Structure formats: structure tokens, C-alpha cells
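Chemist: Below is the file structure_1.txt, which contains compact mmCIF, C-alpha atoms and all ligand atoms.
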# COMPACT_ATOMS: atom_id res chain seq x y z
CA MET O 262 -36.30 -142.15 -44.60
CA SER O 263 -38.11 -138.87 -44.86
CA LYS O 264 -38.01 -136.52 -41.94
CA SER O 265 -39.37 -133.04 -41.57
CA LYS O 266 -36.82 -130.49 -42.76
CA LYS O 267 -37.50 -126.94 -41.75
CA VAL O 268 -35.23 -123.99 -42.34
CA PRO O 269 -34.02 -123.02 -38.83
CA TYR O 270 -35.63 -119.83 -37.58
CA LEU O 271 -32.18 -118.22 -37.18
CA VAL O 272 -31.87 -118.01 -40.97
CA ASP O 273 -35.50 -118.24 -42.06
CA ARG O 274 -35.62 -115.02 -44.04
CA PRO O 275 -34.50 -113.91 -47.48
CA MET O 276 -30.70 -113.70 -47.86
CA SER O 277 -29.08 -111.23 -50.19
CA PHE O 278 -26.37 -113.49 -51.63
CA CYS O 279 -26.10 -113.93 -55.41
CA PRO O 280 -27.99 -116.79 -57.09
CA GLY O 281 -26.17 -120.09 -56.47
CA CYS O 282 -23.81 -118.66 -53.83
CA GLY O 283 -22.67 -121.22 -51.24
CA HIS O 284 -22.87 -118.81 -48.30
CA GLY O 285 -26.61 -119.49 -48.01
CA ILE O 286 -26.05 -123.24 -47.69
CA ALA O 287 -23.18 -122.88 -45.22
CA ILE O 288 -25.00 -120.54 -42.89
CA ARG O 289 -28.07 -122.76 -42.90
CA LEU O 290 -25.86 -125.69 -41.83
CA VAL O 291 -24.47 -123.65 -38.95
CA ALA O 292 -28.00 -122.72 -37.87
CA GLU O 293 -29.20 -126.34 -38.11
CA CYS O 294 -26.32 -127.50 -35.89
CA LEU O 295 -26.99 -124.76 -33.33
CA GLU O 296 -30.66 -125.72 -33.23
CA GLU O 297 -29.90 -129.43 -32.86
CA LEU O 298 -27.43 -128.72 -30.05
CA GLY O 299 -29.93 -126.47 -28.27
CA GLN O 300 -27.70 -123.42 -28.68
CA ALA O 301 -29.77 -121.28 -31.05
CA ASP O 302 -30.54 -118.75 -28.31
CA ASN O 303 -27.04 -118.82 -26.90
CA ILE O 304 -25.03 -117.85 -29.96
CA VAL O 305 -22.99 -114.75 -30.75
CA PHE O 306 -21.63 -114.29 -34.26
CA PRO O 307 -18.62 -112.04 -34.80
CA ILE O 308 -18.93 -111.57 -38.57
CA GLY O 309 -16.14 -110.72 -40.99
CA VAL O 310 -16.17 -108.20 -43.82
CA GLY O 311 -17.11 -109.45 -47.26
CA CYS O 312 -20.16 -111.28 -48.53
CA SER O 313 -20.11 -112.97 -45.13
CA SER O 314 -21.28 -109.57 -43.82
CA LEU O 315 -24.56 -110.06 -45.65
CA LEU O 316 -25.29 -112.50 -42.85
CA GLY O 317 -25.85 -109.47 -40.65
CA GLY O 318 -29.12 -108.82 -42.41
CA GLY O 319 -30.04 -112.48 -42.71
CA ILE O 320 -29.69 -113.94 -39.27
CA GLU O 321 -31.88 -113.73 -36.19
CA ALA O 322 -29.15 -113.84 -33.56
CA ASP O 323 -26.71 -111.66 -31.64
CA ARG O 324 -23.99 -110.62 -34.00
CA LEU O 325 -21.19 -108.15 -34.33
CA HIS O 326 -19.81 -106.84 -37.56
CA CYS O 327 -16.04 -106.74 -37.00
CA SER O 328 -13.43 -104.65 -38.79
CA HIS O 329 -12.00 -106.43 -41.80
CA GLY O 330 -10.02 -109.49 -40.71
CA ARG O 331 -10.35 -108.87 -36.99
CA ALA O 332 -13.10 -111.36 -36.15
CA GLY O 333 -10.52 -113.71 -34.60
CA ALA O 334 -9.56 -111.04 -32.07
CA VAL O 335 -13.15 -109.93 -31.46
CA ALA O 336 -14.29 -113.53 -30.97
CA THR O 337 -11.46 -114.05 -28.49
CA ALA O 338 -12.71 -111.13 -26.42
CA ILE O 339 -16.36 -112.17 -26.59
CA LYS O 340 -15.61 -115.75 -25.59
CA ARG O 341 -13.28 -114.81 -22.77
CA CYS O 342 -15.83 -112.36 -21.33
CA ASN O 343 -18.85 -114.62 -21.93
CA PRO O 344 -17.53 -118.17 -21.70
CA ASN O 345 -21.04 -119.61 -21.53
CA ASN O 346 -22.02 -118.23 -24.93
CA VAL O 347 -21.32 -120.19 -28.07
CA VAL O 348 -19.15 -117.91 -30.22
CA ILE O 349 -18.73 -118.58 -33.93
CA SER O 350 -16.79 -116.22 -36.14
CA TYR O 351 -18.16 -116.37 -39.68
CA GLN O 352 -15.62 -115.15 -42.21
CA GLY O 353 -14.57 -115.31 -45.84
CA ASP O 354 -11.17 -116.55 -47.02
CA GLY O 355 -10.04 -113.01 -47.80
CA ASP O 356 -11.13 -111.82 -44.39
CA ALA O 357 -9.69 -114.73 -42.40
CA TYR O 358 -6.59 -115.63 -44.43
CA SER O 359 -5.52 -112.44 -46.19
CA ILE O 360 -6.07 -109.27 -44.21
CA GLY O 361 -6.91 -111.27 -41.07
CA ILE O 362 -4.20 -113.92 -41.21
CA GLY O 363 -2.63 -112.47 -38.04
CA GLU O 364 -5.81 -112.64 -35.97
CA THR O 365 -6.89 -116.01 -37.33
CA THR O 366 -3.53 -117.65 -36.78
CA SER O 367 -3.09 -116.10 -33.35
CA ALA O 368 -6.47 -117.34 -32.17
CA ALA O 369 -5.62 -120.86 -33.33
CA TYR O 370 -2.14 -120.59 -31.81
CA ARG O 371 -3.57 -119.62 -28.43
CA ASN O 372 -6.18 -122.38 -28.77
CA GLU O 373 -9.00 -119.92 -28.03
CA ARG O 374 -12.22 -121.67 -27.08
CA PHE O 375 -14.38 -120.48 -29.97
CA THR O 376 -15.26 -121.76 -33.43
CA THR O 377 -14.33 -120.26 -36.78
CA ILE O 378 -16.23 -121.02 -39.96
CA ILE O 379 -14.35 -119.86 -43.05
CA ILE O 380 -16.09 -119.74 -46.40
CA ASN O 381 -13.38 -120.38 -48.98
CA ASN O 382 -14.48 -119.27 -52.45
CA THR O 383 -10.91 -118.68 -53.63
CA ASN O 384 -11.40 -114.96 -54.13
CA TYR O 385 -12.65 -111.69 -52.60
CA GLY O 386 -16.30 -112.04 -53.58
CA MET O 387 -17.80 -108.80 -52.36
CA THR O 388 -15.32 -106.43 -53.95
CA GLY O 389 -15.50 -108.03 -57.39
CA GLY O 390 -13.30 -111.12 -57.43
CA GLN O 391 -9.74 -110.13 -56.54
CA MET O 392 -7.03 -112.66 -55.71
CA SER O 393 -6.99 -113.92 -52.13
CA ASN O 394 -4.54 -116.11 -50.24
CA THR O 395 -6.54 -119.16 -51.32
CA THR O 396 -6.76 -118.34 -55.04
CA LEU O 397 -5.64 -121.45 -56.92
CA PRO O 398 -2.33 -121.52 -58.83
CA ASN O 399 -2.92 -120.06 -62.31
CA GLN O 400 -6.45 -118.95 -61.41
CA LYS O 401 -7.41 -115.75 -63.19
CA THR O 402 -8.90 -113.02 -61.05
CA ASN O 403 -9.17 -109.24 -61.37
CA THR O 404 -5.78 -108.87 -59.71
CA SER O 405 -4.12 -111.90 -61.29
CA VAL O 406 -5.25 -111.38 -64.85
CA TYR O 407 -2.66 -113.76 -66.30
CA GLY O 408 -3.39 -116.37 -63.65
CA ARG O 409 -1.93 -116.53 -60.14
CA ASP O 410 1.83 -116.81 -60.30
CA CYS O 411 2.79 -118.55 -57.06
CA SER O 412 6.48 -117.75 -57.51
CA VAL O 413 5.54 -114.12 -56.89
CA THR O 414 2.50 -114.41 -54.61
CA GLY O 415 3.30 -117.47 -52.50
CA ASN O 416 1.18 -120.60 -52.46
CA PRO O 417 -2.49 -120.83 -51.49
CA ILE O 418 -2.75 -121.28 -47.74
CA ARG O 419 -4.21 -124.46 -46.27
CA PHE O 420 -5.20 -123.20 -42.86
CA PRO O 421 -6.98 -126.19 -41.26
CA GLU O 422 -3.89 -128.30 -42.03
CA LEU O 423 -1.65 -125.61 -40.55
CA ALA O 424 -3.77 -125.38 -37.40
CA ALA O 425 -3.82 -129.16 -37.08
CA ASP O 426 -0.10 -129.66 -37.65
CA GLN O 427 1.37 -126.74 -35.78
CA PHE O 428 -1.05 -125.71 -33.04
CA ASN O 429 -2.74 -127.52 -30.23
CA VAL O 430 -6.27 -126.92 -31.60
CA GLY O 431 -9.33 -129.00 -30.74
CA TYR O 432 -10.78 -129.57 -34.18
CA ALA O 433 -9.88 -128.69 -37.76
CA ALA O 434 -11.67 -129.83 -40.89
CA ARG O 435 -12.50 -128.84 -44.45
CA GLY O 436 -15.87 -129.50 -46.08
CA SER O 437 -17.58 -128.41 -49.23
CA VAL O 438 -21.10 -127.52 -50.33
CA HIS O 439 -20.81 -128.63 -53.95
CA ASP O 440 -23.27 -131.52 -53.68
CA VAL O 441 -25.72 -133.09 -51.25
CA PRO O 442 -23.39 -135.79 -49.76
CA ASN O 443 -20.69 -133.19 -49.12
CA ILE O 444 -23.20 -130.75 -47.64
CA ARG O 445 -24.25 -133.46 -45.18
CA LYS O 446 -20.64 -134.27 -44.33
CA THR O 447 -19.83 -130.60 -43.86
CA LYS O 448 -22.74 -130.32 -41.46
CA SER O 449 -21.27 -133.15 -39.37
CA TYR O 450 -17.93 -131.26 -39.28
CA ILE O 451 -19.62 -128.05 -38.17
CA LYS O 452 -21.49 -129.92 -35.48
CA LYS O 453 -18.30 -131.50 -34.16
CA ALA O 454 -16.64 -128.08 -34.15
CA ILE O 455 -19.44 -126.60 -32.04
CA GLU O 456 -19.39 -129.63 -29.73
CA MET O 457 -15.66 -129.10 -29.31
CA GLN O 458 -16.36 -125.55 -28.22
CA LEU O 459 -19.08 -126.73 -25.82
CA SER O 460 -16.63 -129.21 -24.27
CA GLY O 461 -14.21 -126.34 -23.64
CA GLU O 462 -11.32 -128.35 -25.08
CA GLY O 463 -10.15 -125.82 -27.60
CA TYR O 464 -10.27 -123.91 -30.83
CA SER O 465 -12.25 -125.40 -33.67
CA VAL O 466 -12.18 -124.42 -37.32
CA VAL O 467 -14.14 -125.62 -40.33
CA GLU O 468 -13.25 -124.31 -43.76
CA VAL O 469 -16.07 -124.67 -46.28
CA LEU O 470 -15.32 -124.73 -50.01
CA SER O 471 -18.02 -122.64 -51.58
CA PRO O 472 -18.90 -121.39 -55.06
CA CYS O 473 -18.83 -117.75 -56.11
CA PRO O 474 -20.54 -118.07 -59.51
CA THR O 475 -20.67 -114.30 -60.00
CA ASN O 476 -16.93 -113.70 -59.85
CA TRP O 477 -15.94 -117.06 -61.27
CA LYS O 478 -18.12 -116.05 -64.22
CA MET O 479 -19.82 -119.45 -64.19
CA GLU O 480 -23.35 -120.75 -64.03
CA PRO O 481 -24.22 -122.00 -60.51
CA LEU O 482 -24.08 -125.66 -61.53
CA GLU O 483 -20.81 -125.17 -63.39
CA ALA O 484 -19.35 -123.51 -60.27
CA MET O 485 -20.28 -126.57 -58.19
CA LYS O 486 -18.56 -128.82 -60.73
CA HIS O 487 -15.51 -126.55 -60.66
CA ILE O 488 -15.21 -127.18 -56.91
CA ALA O 489 -15.50 -130.94 -57.35
CA GLU O 490 -13.02 -131.09 -60.23
CA HIS O 491 -10.49 -128.37 -59.43
CA VAL O 492 -10.78 -126.73 -56.02
CA THR O 493 -10.82 -130.01 -54.07
CA THR O 494 -7.62 -131.14 -55.76
CA TYR O 495 -5.75 -128.31 -54.06
CA PHE O 496 -7.86 -128.20 -50.90
CA PRO O 497 -8.46 -131.79 -49.75
CA LEU O 498 -11.65 -132.47 -47.82
CA GLY O 499 -11.69 -134.17 -44.44
CA GLU O 500 -10.89 -133.86 -40.77
CA PHE O 501 -7.32 -133.00 -39.84
CA VAL O 502 -7.47 -133.13 -36.07
CA GLU O 503 -10.03 -134.12 -33.52
CA LYS O 504 -8.90 -133.89 -29.93
CA GLU O 505 -10.34 -136.42 -27.53
CA GLU O 506 -12.99 -134.78 -25.39
CA LYS O 507 -12.49 -135.18 -21.65
CA MET F 7 -47.20 -138.44 -46.23
CA PRO F 8 -44.52 -135.75 -46.01
CA LYS F 9 -44.86 -132.98 -48.50
CA VAL F 10 -42.48 -130.38 -49.88
CA MET F 11 -43.68 -126.81 -49.45
CA THR F 12 -42.00 -123.96 -51.33
CA LYS F 13 -41.50 -120.25 -50.86
CA PRO F 14 -41.21 -119.20 -54.50
CA GLU F 15 -40.65 -115.57 -53.55
CA ARG F 16 -37.18 -116.57 -52.29
CA CYS F 17 -36.11 -118.43 -55.44
CA LYS F 18 -33.17 -116.92 -57.37
CA GLN F 19 -33.34 -119.25 -60.33
CA CYS F 20 -29.93 -120.84 -59.67
CA GLY F 21 -31.23 -124.25 -60.74
CA LEU F 22 -29.22 -126.31 -58.23
CA CYS F 23 -32.40 -128.06 -57.05
CA VAL F 24 -33.34 -129.04 -60.61
CA ASP F 25 -30.04 -130.92 -60.84
CA ALA F 26 -30.13 -132.38 -57.31
CA CYS F 27 -33.66 -133.83 -57.49
CA PRO F 28 -33.32 -137.59 -58.04
CA LYS F 29 -36.82 -137.84 -59.56
CA GLN F 30 -36.59 -134.91 -61.98
CA ALA F 31 -39.62 -133.49 -60.21
CA ILE F 32 -38.38 -129.87 -60.24
CA SER F 33 -38.44 -127.56 -63.22
CA PHE F 34 -38.69 -123.87 -63.97
CA GLY F 35 -42.34 -122.87 -64.26
CA ASP F 36 -43.82 -119.90 -66.09
CA GLY F 37 -43.98 -117.56 -63.12
CA ILE F 38 -41.69 -114.64 -62.27
CA ASN F 39 -41.34 -113.59 -58.62
CA ALA F 40 -40.94 -110.10 -57.19
CA GLY F 41 -37.16 -110.38 -57.49
CA GLY F 42 -37.54 -110.93 -61.23
CA TYR F 43 -36.57 -114.59 -61.11
CA ASN F 44 -38.24 -117.41 -63.01
CA TYR F 45 -38.91 -119.63 -59.99
CA THR F 46 -38.96 -123.43 -59.84
CA VAL F 47 -42.06 -125.57 -59.40
CA ILE F 48 -42.44 -129.15 -58.10
CA ASP F 49 -44.39 -131.85 -59.87
CA GLU F 50 -46.07 -133.46 -56.87
CA SER F 51 -46.82 -136.65 -58.76
CA LYS F 52 -43.06 -137.30 -59.07
CA CYS F 53 -41.85 -135.89 -55.72
CA ILE F 54 -40.89 -138.42 -53.01
CA ALA F 55 -40.15 -135.75 -50.37
CA CYS F 56 -36.52 -136.88 -50.00
CA GLY F 57 -35.39 -133.35 -49.16
CA MET F 58 -32.45 -133.10 -51.59
CA CYS F 59 -33.87 -129.74 -52.71
CA TYR F 60 -33.98 -128.55 -49.10
CA THR F 61 -30.33 -129.54 -48.65
CA ILE F 62 -28.92 -127.93 -51.80
CA CYS F 63 -31.02 -124.74 -51.91
CA PRO F 64 -28.97 -121.74 -50.75
CA ASP F 65 -32.08 -119.63 -50.26
CA GLY F 66 -34.42 -121.65 -48.05
CA VAL F 67 -37.07 -122.11 -50.73
CA PHE F 68 -37.97 -125.69 -49.77
CA GLU F 69 -39.22 -127.34 -46.60
CA VAL F 70 -40.24 -130.94 -46.07
CA LEU F 71 -43.20 -131.04 -43.72
CA GLY F 72 -44.69 -134.06 -41.99
CA GLU F 73 -43.00 -137.29 -40.91
CA LYS F 74 -43.29 -140.56 -42.76
C1 LIG X 601 -9.70 -102.36 -44.05
C2 LIG X 601 -10.46 -102.73 -45.28
N1 LIG X 601 -9.77 -103.04 -46.42
C3 LIG X 601 -10.42 -103.40 -47.54
C4 LIG X 601 -11.79 -103.46 -47.55
C5 LIG X 601 -12.49 -103.89 -48.82
N2 LIG X 601 -13.07 -105.22 -48.76
C6 LIG X 601 -14.35 -105.44 -48.48
S1 LIG X 601 -14.80 -107.06 -48.56
C7 LIG X 601 -13.22 -107.50 -49.04
C8 LIG X 601 -12.85 -108.91 -49.35
C9 LIG X 601 -13.69 -109.97 -48.74
O1 LIG X 601 -13.35 -111.21 -49.27
P1 LIG X 601 -13.65 -112.57 -48.53
O2 LIG X 601 -13.30 -112.48 -47.09
O3 LIG X 601 -13.03 -113.67 -49.31
O4 LIG X 601 -15.24 -112.70 -48.53
P2 LIG X 601 -16.28 -113.03 -49.68
O5 LIG X 601 -16.82 -111.71 -50.10
O6 LIG X 601 -15.55 -113.76 -50.78
O7 LIG X 601 -17.30 -113.88 -49.01
C10 LIG X 601 -12.39 -106.38 -49.10
C11 LIG X 601 -10.97 -106.44 -49.50
C12 LIG X 601 -12.49 -103.15 -46.36
N3 LIG X 601 -13.81 -103.21 -46.28
N4 LIG X 601 -11.81 -102.79 -45.26
S1 LIG X 602 -20.10 -112.20 -54.91
FE1 LIG X 602 -19.68 -114.39 -54.74
S2 LIG X 602 -19.47 -114.75 -52.50
FE2 LIG X 602 -20.50 -112.79 -52.79
S3 LIG X 602 -22.72 -113.24 -52.67
FE3 LIG X 602 -22.08 -113.26 -54.83
S4 LIG X 602 -21.59 -115.40 -55.31
FE4 LIG X 602 -21.61 -115.15 -53.07
What is this structure when it is put down as C-alpha cells?
Modeler:
Amino acid sequence: MSKSKKVPYLVDRPMSFCPGCGHGIAIRLVAECLEELGQADNIVFPIGVGCSSLLGGGIEADRLHCSHGRAGAVATAIKRCNPNNVVISYQGDGDAYSIGIGETTSAAYRNERFTTIIINNTNYGMTGGQMSNTTLPNQKTNTSVYGRDCSVTGNPIRFPELAADQFNVGYAARGSVHDVPNIRKTKSYIKKAIEMQLSGEGYSVVEVLSPCPTNWKMEPLEAMKHIAEHVTTYFPLGEFVEKEEK
Amino acid sequence: MPKVMTKPERCKQCGLCVDACPKQAISFGDGINAGGYNYTVIDESKCIACGMCYTICPDGVFEVLGEK
């Protein structure tokens, strides 16, 4: 049952995320998948703005720190110019779904041949916990102090479902890092997304539900339970589309 | 026998591994690392090298080395 488990060299250095932050787990999963698929030396990361940017200092790979929200457009350019590279945009929910909703949606709409990993922690982590487009109904944040009022702000966006229902994308799924079984499942989603890119069939997106204990004002363990009990009720886990590979 | 090796200097005291370990082999020790965190230690007599700690740790503290 036991197998050697080594932190992939891509991420084998100290990360500057807060204690208990899910970014560290998610990025390790991406690195494990790249290593297992033999793509660790062939990867380019367009990185969003937010705590996702801390990846820039924590990853041993080609990377580009994009303007806020624009990773979808930058990834499009990188992939079109270098189709043999694996291109993964690594973004937060604020980056990809709030300021970058245009770029993210357009890339999915055009079925660009890259992969997007979106870390959904239901707020803007880096800037101190403001409301994002995925903040839960009634969730209190610094900019929704009485709780998010969806009649004024609109409803939280479910992007993988949107991409799956409306666009001709290759793969769309939502995982979570709140416990070991879900971490393993999320890894299988990320792997399928990268395989989809390698097959050239189309755009792939994996949203990862992730804790932000600092801004949720919770202990790390409590934040994981919050995902299991509350966040997953609004953001269902699973695969929404998987195109047949040729 | 596989063995879990740790890099205590990376630990941020989040405690997720303490909860995930099925054998209650992980606890906070007495030491403080350079980051100021009270890092976790493994009781080798309880550890079965299942790698749950590796999977849940956001900071790459644990590695399971050696195949069974
Ligand atoms: C054009 C621009 N507007 C605003 C900001 C401020 N800003 C920095 S990070 C951030 C939010 C990031 O949130 P998210 O993408 O959810 O990432 P997280 O930090 O939660 O991982 C904002 C608004 C900025 N850097 N640039
Ligand atoms: S602020 Fe939140 S998202 Fe950012 S590193 Fe800390 S816990 Fe993670």
C-alpha cells in the first residue's frame, strides 16, 4: 500500500502562504501531475494576481506574472505561440471570476487549448478578504459586512458548470482540498485536465475549493470543515464535462 | 520499511496532519522553528507510513521514503 511520496522538485521549497492555506496543497497536486505525465520541464505558468502570485516565488518552472485577471488572455497567447508547451494558468477566484471574468470566459468560449486551475476560497485573500464573485450568499466579508446580499450583488458564479453547459470545452471539474479523499480526487481531475490539453482537444478547467483560514477568521481545521459543510453545498464537486479524446 | 522524513523548518503549525493521521502518530513537540512555529513531530512507533500527512500538508513538510 505504501509508496514513496516525494514533494515534486517544482514545488520543493518553502511557500509563503498562511498556515493551513489550501494553495500549497493545490499547487503540489499540479506539480505531481506534471511530473507523472513527464511534463515538468515543459510547463509554463501564467500566474494571476492574488495569493496565487506567491507561487512565483515558490515554483521552479517558467512562469509569467500576468496583470490582474488577464491570465486567460496571456495563456492564450503563450499556447498559440508555443503549442508544444503545457500551459496552465493558475489563478484565484477573484482574479479569474471577478476582474478577469472577461478573459476567463472568452478563453473557455474559444475553447483555447490550455488549462486553467482556479483556487476558489470565496474571497479576495491577498487584499484582506473582500467579497468576490464566488462569495457565498450571506457570507460576511470586509465588503459585505452584513453578509452577501445576492439581490444586489448577483449570485455566486459556478464557472465549470457554465463552461460545461454553454461552451464546447474539453474538460471541466470542481474538486476540493478539505480532506485526503478529496485531495486525491482533485488530483485525478487535474491530471485529466492536463491530459486533455496534451490531446489538443480543448480547454480544460479545474476549480479547487480551498480554505483561507486567515480571512475566514477560522482555525485551519475549522476552515476545512467549513468547506465540507457549507461551501460544497453551493459549489458541488465533480466532473461536468469530459470530451472523448480522439 | 518505508519511513516518513520531515522538514520541520517548513512547518507552520496548522495542525492538519495531526487530524489526518489515522494512527494519532503526529503531535506538536516542544521545538520552535526559525519561522516561530511550534512544529509537529512523529512518533515512529505508531507511524505506518501511509502518507496521509504528505497528502494533507500544504507546506511539503513530510515525505515517505522507501517502497514496501
Ligand atoms: C488592477 C488591479 N486591481 C486591484 C488589485 C488589488 N488586488 C490584488 S490581489 C486581489 C484579489 C485577489 O483575489 P483572488 O484572485 O481571489 O486570490 P486569492 O488571494 O484569494 O488567492 C486584488 C483585488 C490589483 N493588484 N490590480
Ligand atoms: S490570505 Fe488566504 S489565500 Fe492568501 S495565503 Fe493566506 S490563507 Fe491563503
Chemist: What are the residues of chain O that have an atom within 7 Å of an atom of chain F, counting all atoms listed in the file, as an MDAnalysis selection string?
Modeler: chainID O and resid 263:268 273 275:276 280:283 285:286 440:441 481:482
Chemist: Residues within 7 Å of ligand LIG 602 (chain X) (all atoms listed in the file), as JSON, numbers by chain?
Modeler: {"O": [278, 279, 280, 281, 282, 283, 284, 312, 382, 386, 387, 389, 472, 473, 474, 475, 476]}
Chemist: Mind giving me the straight-line distance from atom CA of O:Ser437 to atom CA of O:Ser471 in Å, one decimal?
Modeler: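 Distance reported for this atom pair: 6.2 Å.
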Chemist: Atom CA of O:Pro307 and atom CA of O:Glu500, how far apart in Å?
Modeler: 23.9 Å
Chemist: Considering only C-alpha atoms, return as a list in words whatever protein or nucleic-acid residues lie within 10 Å of stretch 399-408 of chain O, sequence-local ones (same chain, fewer than 6 positions apart) excluded.
Modeler: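 Counting only C-alpha atoms, the residues come to Thr383, Asn384, Tyr385, Gly389, Gly390, Gln391, Met392, Ser393, Thr414, Asn476 and Trp477 of chain O.
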Chemist: With distances taken over all atoms listed in the file, which residue among O:Leu298, O:Ala357, O:Ile349, O:Leu290 lies nearest ligand LIG 601 (chain X)?
Modeler: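 So, comparing all the options, the nearest one is O:Ala357.
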